[in-house]
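So this one's input.tsv, TSV, C-alpha atoms:
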```
chain	number	residue	atom	x	y	z
Y	1	MET	CA	7.48	-16.64	-15.60
Y	2	THR	CA	4.05	-17.50	-14.26
Y	3	ASP	CA	1.35	-15.02	-13.24
Y	4	HIS	CA	2.30	-15.74	-9.62
Y	5	ASP	CA	5.97	-14.99	-10.31
Y	6	ASP	CA	5.18	-11.78	-12.20
Y	7	PHE	CA	2.83	-10.56	-9.47
Y	8	LEU	CA	5.28	-11.37	-6.68
Y	9	ALA	CA	8.09	-9.55	-8.54
Y	10	TRP	CA	5.81	-6.49	-8.87
Y	11	VAL	CA	4.95	-6.59	-5.15
Y	12	ARG	CA	8.61	-6.87	-4.14
Y	13	ALA	CA	9.79	-4.09	-6.48
Y	14	ASP	CA	7.18	-1.52	-7.52
Y	15	LEU	CA	4.81	-1.83	-4.57
Y	16	TYR	CA	7.67	-1.89	-2.05
Y	17	GLN	CA	9.30	1.20	-3.60
Y	18	ALA	CA	5.99	3.09	-3.62
Y	19	GLU	CA	5.36	2.35	0.07
Y	20	ARG	CA	8.90	3.36	1.00
Y	21	ALA	CA	8.47	6.62	-0.97
Y	22	LEU	CA	5.18	7.34	0.82
Y	23	HIS	CA	6.87	6.96	4.19
Y	24	ASN	CA	9.49	9.46	3.00
Y	25	GLY	CA	6.76	11.99	2.14
Y	26	ASP	CA	6.21	11.25	-1.57
Y	27	ALA	CA	2.69	9.94	-2.20
Y	28	ALA	CA	2.93	10.06	-6.03
Y	29	PRO	CA	4.41	6.55	-6.51
Y	30	ARG	CA	1.71	5.01	-4.32
Y	31	ARG	CA	-1.07	6.83	-6.14
Y	32	ALA	CA	0.37	5.74	-9.51
Y	33	LEU	CA	-0.09	2.08	-8.50
Y	34	TRP	CA	-3.72	2.50	-7.51
Y	35	SER	CA	-6.62	1.86	-9.84
Y	36	ARG	CA	-8.33	4.80	-11.52
Y	37	LYS	CA	-11.49	2.69	-11.84
Y	38	GLU	CA	-14.23	2.45	-9.24
Y	39	PRO	CA	-14.62	1.00	-6.77
Y	40	VAL	CA	-11.50	1.84	-4.74
Y	41	SER	CA	-11.39	1.86	-0.96
Y	42	VAL	CA	-9.15	2.08	2.08
Y	43	LEU	CA	-10.06	0.84	5.53
Y	44	GLY	CA	-7.01	2.35	7.13
Y	45	ALA	CA	-5.27	2.45	10.43
Y	46	TRP	CA	-5.95	6.21	10.56
Y	47	GLN	CA	-8.75	6.86	8.07
Y	48	ASN	CA	-11.37	5.11	5.92
Y	49	THR	CA	-11.80	6.30	2.34
Y	50	PHE	CA	-14.07	5.41	-0.58
Y	51	GLY	CA	-13.76	6.72	-4.14
Y	52	GLN	CA	-11.13	8.44	-6.26
Y	53	ALA	CA	-11.39	11.99	-4.87
Y	54	ALA	CA	-11.21	10.81	-1.27
Y	55	LEU	CA	-8.30	8.52	-2.13
Y	56	ASP	CA	-6.37	11.43	-3.65
Y	57	ARG	CA	-6.93	13.51	-0.49
Y	58	LEU	CA	-5.90	10.63	1.78
Y	59	PHE	CA	-2.67	9.94	-0.08
Y	60	THR	CA	-1.81	13.66	-0.23
Y	61	ASP	CA	-2.38	13.98	3.52
Y	62	LEU	CA	-0.33	10.86	4.26
Y	63	GLY	CA	2.52	12.15	2.13
Y	64	LYS	CA	2.50	15.43	4.06
Y	65	SER	CA	2.54	13.66	7.43
Y	66	PHE	CA	5.35	11.14	6.73
Y	67	SER	CA	9.09	11.87	6.46
Y	68	ASP	CA	12.51	10.43	7.17
Y	69	CYS	CA	11.73	6.73	6.74
Y	70	THR	CA	14.59	4.74	8.26
Y	71	ALA	CA	13.08	1.29	7.74
Y	72	TYR	CA	10.22	-0.30	5.84
Y	73	GLU	CA	9.67	-4.03	5.44
Y	74	PHE	CA	6.66	-5.82	4.02
Y	75	GLU	CA	6.52	-9.29	5.54
Y	76	LEU	CA	4.41	-11.17	3.02
Y	77	LEU	CA	2.39	-13.88	4.78
Y	78	SER	CA	0.06	-14.97	1.99
Y	79	PHE	CA	-0.87	-14.08	-1.56
Y	80	ASP	CA	-2.65	-15.50	-4.56
Y	81	VAL	CA	-3.42	-14.60	-8.15
Y	82	MET	CA	-6.72	-15.65	-9.72
Y	83	GLY	CA	-6.88	-14.44	-13.30
Y	84	ASP	CA	-7.02	-10.64	-13.22
Y	85	MET	CA	-7.46	-10.45	-9.43
Y	86	ALA	CA	-4.92	-10.93	-6.66
Y	87	TYR	CA	-4.46	-10.29	-2.96
Y	88	THR	CA	-1.69	-9.95	-0.40
Y	89	VAL	CA	-1.74	-10.37	3.36
Y	90	GLY	CA	1.23	-9.25	5.40
Y	91	MET	CA	2.79	-7.23	8.14
Y	92	GLU	CA	4.28	-3.81	7.45
Y	93	HIS	CA	7.16	-2.95	9.78
Y	94	THR	CA	7.85	0.78	9.55
Y	95	SER	CA	10.13	3.32	11.21
Y	96	THR	CA	9.40	6.85	10.00
Y	97	SER	CA	8.50	10.28	11.29
Y	98	VAL	CA	4.81	11.13	11.55
Y	99	ASN	CA	4.21	14.88	11.74
Y	100	GLY	CA	7.86	15.29	12.70
Y	101	GLU	CA	7.80	12.72	15.50
Y	102	PRO	CA	9.86	9.51	15.04
Y	103	ARG	CA	7.65	6.41	15.27
Y	104	SER	CA	7.97	2.70	14.73
Y	105	TYR	CA	4.91	0.55	14.25
Y	106	VAL	CA	3.57	-2.62	12.68
Y	107	LEU	CA	0.42	-2.72	10.55
Y	108	ARG	CA	-1.49	-5.77	9.42
Y	109	ALA	CA	-2.21	-5.10	5.77
Y	110	THR	CA	-4.51	-6.85	3.33
Y	111	GLN	CA	-4.71	-5.53	-0.22
Y	112	VAL	CA	-6.79	-6.51	-3.24
Y	113	TYR	CA	-5.47	-5.93	-6.77
Y	114	ARG	CA	-6.87	-6.07	-10.25
Y	115	ARG	CA	-5.03	-6.26	-13.53
Y	116	GLU	CA	-5.91	-3.31	-15.75
Y	117	ASP	CA	-4.47	-3.02	-19.25
Y	118	GLY	CA	-1.84	-5.61	-18.35
Y	119	ALA	CA	-0.64	-3.86	-15.17
Y	120	TRP	CA	-1.43	-4.61	-11.54
Y	121	ARG	CA	-3.33	-1.88	-9.68
Y	122	VAL	CA	-4.42	-1.71	-6.05
Y	123	ALA	CA	-8.20	-1.54	-5.62
Y	124	HIS	CA	-8.61	-1.98	-1.86
Y	125	ARG	CA	-6.47	-1.78	1.27
Y	126	HIS	CA	-7.25	-2.72	4.83
Y	127	GLY	CA	-4.61	-1.87	7.40
Y	128	ASP	CA	-4.74	-1.83	11.16
Y	129	THR	CA	-2.26	-1.58	13.97
Y	130	VAL	CA	-0.99	-4.63	15.74
Y	131	THR	CA	-1.61	-4.39	19.45
Y	132	SER	CA	-0.20	-6.67	22.10
```
Mind turning this structure into structure tokens?
Amino acid sequence: MTDHDDFLAWVRADLYQAERALHNGDAAPRRALWSRKEPVSVLGAWQNTFGQAALDRLFTDLGKSFSDCTAYEFELLSFDVMGDMAYTVGMEHTSTSVNGEPRSYVLRATQVYRREDGAWRVAHRHGDTVTS
């Protein structure tokens, strides 16, 4: 397999499962895929975060607010791998409960990854809501 194939397989399996778990209230799989090295950042649909401590708080809060995910799809629009760096651009289609209220929404999501000790880790995320 090529670097592109390996990365894409990771996105479609590990990253997908971690995002689905988050939307069911379990933030641990998402956090496990994020880098423990600085810098890390989120420019999020609901909150912006910079640094490890803030990232931990954000993911804990998101896990507490999400539950009962009935659908999650990551529509990958573009990606590339350049050595130990990679990125994805896509649309996240989600149906879940947020603070107990069922919601469906679409986020535009761009993520930047770096390979650390042979494993892909997320270093940055930008997500925003799609408005008509």
Discussion item. Let me make sure I understand: among Y:Asp3, Y:Asp84, Y:Gln17, Y:Ala54, which one has the smallest atom-to-atom distance to Arg121 (chain Y) if we use all atoms listed in the file?
Written reply: Y:Asp84
Practice prompt. Name the closest residue to Pro102 (chain Y) among the candidates Y:Leu62, Y:Ala13, Y:Ala71, Y:Ala32; distances are taken between atoms, counting all atoms listed in the file.
Written response: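 Using all atoms listed in the file, the shortest distance to Pro102 (chain Y) belongs to Y:Ala71.
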Item to complete: Considering all atoms listed in the file, return as number ranges by chain whatever protein or nucleic-acid residues lie within 12 Å of Thr2 (chain Y), sequence-local ones (same chain, fewer than 3 positions apart) excluded.
Response: Y: 5-9, 80-83
Practice prompt. Could you check how far CA of Gly51 (chain Y) sits from CA of Ala27 (chain Y), in Å to one decimal?
Written response: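 So the two atoms, CA of Gly51 (chain Y) and CA of Ala27 (chain Y), lie 16.9 Å apart.
Using all atoms listed in the file, the contacts of Met91 (chain Y) at a cut-off of 10 Å, with sequence neighbours closer than 6 positions omitted, comprise Y:Glu73, Y:Phe74, Y:Glu75, Y:Leu76, Y:Leu77, Y:Val106, Y:Leu107, Y:Arg108, Y:Ala109, Y:Thr110, Y:Gly127, Y:Asp128, Y:Thr129, Y:Val130.
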Fill in: Polymer residues at most 12 Å from (-1.5, 3.1, -5.7) by only C-alpha atoms, as a ChimeraX atom specification
/Y:11,14-19,21-22,26-37,40-42,52,55-56,58-60,111-114,119-125
Fill in: Among listed residues Y:Met85, Y:Ala53, Y:Ala45, Y:Met1, nearest Thr131 (chain Y) (using all atoms listed in the file)
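Distance minimum relative to Thr131 (chain Y) lands on Y:Ala45.
Distance-wise, CA of Thr94 (chain Y) and CA of Pro39 (chain Y) end up 27.8 Å apart.
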